[in-house]
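Structure first, then comments.
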Amino acid sequence: MSQLLSQVFATLSALLLAPLLLGWVDQSRAWLANRSGPGILQPYRTLHKLFNKESVMADTASPLFRFVPYLIFGCMLLASAIIPTLSTDLPLARAADAIALVGLFALARVFLALAAMDIGTAFGTLGARREMLIGFLAEPALLTVLFSSSLIANSTALKTIVNKVSQNEFTIYPSLVFAAMAFVLVFLAENARVPVDNPATHLELTMIHEALILEYSGRHLALLEWAAALKLFAYSTIGIALFLPWGITGGMDPQRVILALVFLILKLALLGVILALVETLSAKLRIFRVPEFLATAFLLGVIGMLTHILLGS
Amino acid sequence: MLNGSPLNWVLWVIAVWIGIGFLGIVALRRFGVVAKVFFPLGGVVGVALAWASARALTSGTAETATLPIGLPQLQFHLRLDQLSSFFLLILGIASVGISLFSAGYFRNGAGTAPGLLCMEFHFFLASMALVLIADDAYAFMVAWESMALSSYFLVTANHKMPKIRAAGFLYLLIAHVGAIAVLLSFGILQANTGDYTFANMRLQQISPFWASVAFLLALFGFGAKAGILPLHVWLPEAHPAAPSPVSALMSGVMIKMAIYGLLRVCFDLLHIQIWWWGVLLLALGLGTALFGVIFAAVQTDMKRLLAYSSIENVGLLFAAMGLALLFRSYGMNTLAALALTACLYHVGAHAFFKSLLFLTTGSVLHATGERNLGKLGGLIRFMPWVAWLALIGVLASSGLPPFSGFVSEWLLLQSFLFTPGLPQSFLNMLIPVAAASIALIAALAGYAMVKFFGVVFLGQPREDKLSQAHDAGFLEKIGMLWLALSCLVLGLAPNFVLHFIDPVTQTLVGKGLAHSGSANGWWLLTPTSLERASYSPVYFLVGVVITCALIFTVVRIFYHGRMRRSVPWSGGHTWQNARMQDTAEGYGQPIRQIFESFFDMERHLPKPEESEPEYKVVVTDKFWKGIYLPIARATEFVSAQVGRLQQGRISIYLLYSFLTLLITLLLVPGVSR
């Protein structure tokens, strides 16, 4: 019962923290650009506005198109529920190890691309093609990152990885250094951030994620936006679980869970600032440079695995 | 005969299939009878085959028999063991769906008479079943060749088109070159005893050198059938040429016969396994898989795309088998069992999803008359059944949870990651690189499949006539539904499937996963232990479905469900049309750019001043120019030289006879004295 409670608490906190993280990143970006910014609660207001609006559906949309936002939201919520954020004792976490988690993200991506192709506009297909391009480059890179960690813990279960890394006092694993560098690159690409994509653009030559969801409006768009926020949250927590797991508790003692929540919020705040800084300091890449960017991530991940095998740690 | 033992059942099934084949000859032109009676009957018999082989698998003993067919001293030895039963199970299940689909698919007057097609189709099925139960080289080769011949005639069903005849010839040629290698391999395995039964081969202790030669010959022979690099060229030619149910049968089931053959030789007939065999298989497999998936992503013909995707999957199967062989050679039997389970799981997964996808292309082809991706689109509106069933196949093929392709991919990655240090350090370095490339291949497969589904079924129709497309007929739907359900079972109930794979790995490497796999409940797949890795497709499905339902309700309670239809946003212009969508070429463009060195590309870009601009890009296989054309030229040259001997004058031929006689006399020792 208390396991279930812990699961529900973790899932709800993911659901609510995700837009906040997005708001925090946007606010930090605004501050770095010397603007006052909309405040960190802006994503909630946007979601509320969108849910209230009527949904306008293209004439040519098939049932697939209407069903996809719910599915993607479900996938992202499930992903956030599986990743150990506060406690490693999650009943749902057994359903998927690190590889299955990547599969879950891939499932969401494939459906998003299919939905974008469903309408049959130039924008949608362009977005779908670019998204799948980034996807097939980023997915193996992410897997190599996870492989590096799982070689250390001798397990692909996130719970075991977190326990293994956090129980040690403080060990620097050389393979994890490479893996972390690779992860940062994948993180930027997968969440449609600068330098791969710009979440604030609607310029057809550069947009990727926005082109995919161009035909969505109203509640469907709200769900997709929320799912995007959840994805950012999920990736951040994967990063935390792999590289900064200290503070995640093993049991479900309420005090320790609350403490873990405080730790999590602090780490996310730090991550948000770093993300905003990276986005402010870098320029967007041309789409044809993206494969090189992600191939670097892939190679760094492979080097991480090889380092582990060479050094035995 | 009817004492109910599984082998008898299998023999009866084969007999009925052959019988249906002969009945087809009797009702040569009676289309109605052939389509409405014979093909469904063949499908029903497939159920019996699946049932009998499932029983044989779980009963756990091997059965043997001899059939008094053939020469007086040379009988057919038959044996039904776990490995054969597993592949028979796959054949049985797949044949049900494909036979039912064929009943609705074949149309009158498609080149070959319906009765003849019926005969070829059922002989093909029967010969595949016979390959699986053959227990001597003679029976095996007879069945193997009947399989090649019957499928050749099926490929050339529409033999009036020269292109199809050419494709059939290429297939036949490579099939026979492969068959010679298989025969030679058996020749080595019997080790000069003159006894070609498999039972005898198992007893022979041949030296590592000859074992390696036998392995290499088997690899070449079976690799030619499976489509391993560089013997893959027949697949993308033969599959588009063949009628769709035949493509489904060939791609889904027949190439698995090659996997069966190689497994039989490596793990059963050969008494030793050497580590570099595994490395060779692994490298060849990964190369083939990467090559196949990259080519699949740039194809513009939907059946060619699927054919290249089959090459990719064969590569993955070989990689898994190679890994199993590698572990086996070092005596790591638990890991060998894990890799072998991944291989066998993928055999099943690929058999069902690829058959399903080929069948859907058949329906699309019938409804629209188009195979070219550039002239399709938007079919989900006109053919919803076909589209949604194809989606299941596409998701399974992309290796996405909770579908069937993901389970085998997951098991394969697990077996890569669970290497607790092979004895050779450079092999340890190889494994992560191999795992990373598997991840890349899987992701690229998703790309190719999104292209396939998105361009054919989604978007707006690229031609006007597509809006007249009709959905598949009743029997076709049933056939596809059957295969889709099989895909779903494989995706959602991995522990149930493991019960059928476990006996096979138990007999081949002495270990199995069924016990540890379901140790934590039937819904949770744990290959070794819960701490190491677990995966539960049921949790996945239930989790996503519940969230979807919940969010749907919550949105409607707190907000509303209002919706309005309107024209899509066209960037401010008013004349958006279907031709502005991405074409198949456009969708393949990033792949062509990133993996440019893989292709031989011929590109024509229009100049700005051209009044009728034409954009053309042709991608061809480098292996044609690199290997096949030189071989063809060399063959032509040699035969031209040999041709010089033929002068066409009787006096010259008399001279040849005289010279031959003279040389023979000189060589015979008694005369020269």
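Going by the structure tokens order, chains are called A, B, ..., each with residues numbered from 1, while ligands are numbered from 1 in the order shown.
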
Secondary structure check, helix (DSSP H, G or I) residues of region 489-598 of chain B, as JSON, numbers by chain: {"B": [489, 490, 491, 492, 494, 495, 496, 497, 498, 499, 500, 501, 502, 503, 504, 505, 506, 507, 508, 509, 514, 515, 516, 517, 537, 538, 539, 540, 541, 542, 543, 544, 545, 546, 547, 548, 549, 550, 551, 552, 553, 554, 555, 556, 557, 558, 578, 579, 580, 584, 585, 586, 587, 588, 589, 590, 591, 592, 593, 594, 596, 597, 598]}

Shell of 8 Å around region 140-155 of chain A, only C-alpha atoms, local chain residues under 4 positions omitted, as a PyMOL selection string: (chain A and resi 98-99+102+136+160-161+164-165+175-176+179-180+182-183+186+242+294-295+297-299+301-302+304-305+308+313) or (chain B and resi 417-418+436-437+439-440+443+531-533)

Take the residues that were just selected and, keeping C-alpha atoms, output them as a PDB file, in the first residue's frame.
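Resulting contents of part12.pdb:
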```pdb
ATOM      1  CA  ALA A  98      16.793   1.590 -18.968  1.00  0.00           C
ATOM      2  CA  ILE A  99      16.440   0.009 -22.415  1.00  0.00           C
ATOM      3  CA  VAL A 102      14.408   4.452 -24.256  1.00  0.00           C
ATOM      4  CA  PHE A 136      17.609   7.748 -34.860  1.00  0.00           C
ATOM      5  CA  THR A 160      20.019  -0.917  -9.099  1.00  0.00           C
ATOM      6  CA  ILE A 161      22.080   1.681 -10.947  1.00  0.00           C
ATOM      7  CA  LYS A 164      25.045   1.258  -6.804  1.00  0.00           C
ATOM      8  CA  VAL A 165      26.232   4.779  -7.601  1.00  0.00           C
ATOM      9  CA  SER A 175      33.479   6.039 -17.964  1.00  0.00           C
ATOM     10  CA  LEU A 176      30.683   8.118 -16.451  1.00  0.00           C
ATOM     11  CA  ALA A 179      28.795   9.216 -20.583  1.00  0.00           C
ATOM     12  CA  ALA A 180      27.798  12.477 -18.913  1.00  0.00           C
ATOM     13  CA  ALA A 182      27.323  12.385 -24.253  1.00  0.00           C
ATOM     14  CA  PHE A 183      24.188  12.697 -22.169  1.00  0.00           C
ATOM     15  CA  VAL A 186      21.534  13.989 -26.257  1.00  0.00           C
ATOM     16  CA  LEU A 242      22.672   8.421 -13.437  1.00  0.00           C
ATOM     17  CA  LEU A 294      24.851  13.636 -32.303  1.00  0.00           C
ATOM     18  CA  ALA A 295      27.506  11.373 -33.798  1.00  0.00           C
ATOM     19  CA  ALA A 297      27.471  12.068 -28.536  1.00  0.00           C
ATOM     20  CA  PHE A 298      27.291   8.497 -29.841  1.00  0.00           C
ATOM     21  CA  LEU A 299      31.065   8.180 -30.003  1.00  0.00           C
ATOM     22  CA  GLY A 301      29.029   7.074 -25.254  1.00  0.00           C
ATOM     23  CA  VAL A 302      30.941   4.256 -26.943  1.00  0.00           C
ATOM     24  CA  GLY A 304      32.575   5.604 -22.119  1.00  0.00           C
ATOM     25  CA  MET A 305      31.744   1.915 -22.463  1.00  0.00           C
ATOM     26  CA  HIS A 308      34.823   1.002 -18.452  1.00  0.00           C
ATOM     27  CA  SER A 313      35.595   0.553 -13.401  1.00  0.00           C
TER      28      SER A 313
ATOM     29  CA  LEU B 417      25.424  -6.288 -21.653  1.00  0.00           C
ATOM     30  CA  PHE B 418      25.661  -9.345 -19.451  1.00  0.00           C
ATOM     31  CA  ALA B 436      25.934   0.238 -29.772  1.00  0.00           C
ATOM     32  CA  SER B 437      25.492  -0.718 -33.406  1.00  0.00           C
ATOM     33  CA  ALA B 439      20.995   0.301 -30.940  1.00  0.00           C
ATOM     34  CA  LEU B 440      21.731   2.298 -34.089  1.00  0.00           C
ATOM     35  CA  ALA B 443      16.639   3.247 -34.308  1.00  0.00           C
ATOM     36  CA  GLU B 531      17.927  -6.730  -9.773  1.00  0.00           C
ATOM     37  CA  ARG B 532      19.563  -7.018 -13.170  1.00  0.00           C
ATOM     38  CA  ALA B 533      16.762  -6.303 -15.544  1.00  0.00           C
TER      39      ALA B 533
END
```

Pick out the residues sitting within 7 Å of Leu282 (chain B), and hand them over as a list of chain:residue names; count only C-alpha atoms, and ignore anything fewer than 6 positions along from it in its own chain.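 Residues meeting the cut-off are B:Phe318, B:Ala319, B:Gly322, B:Leu323.
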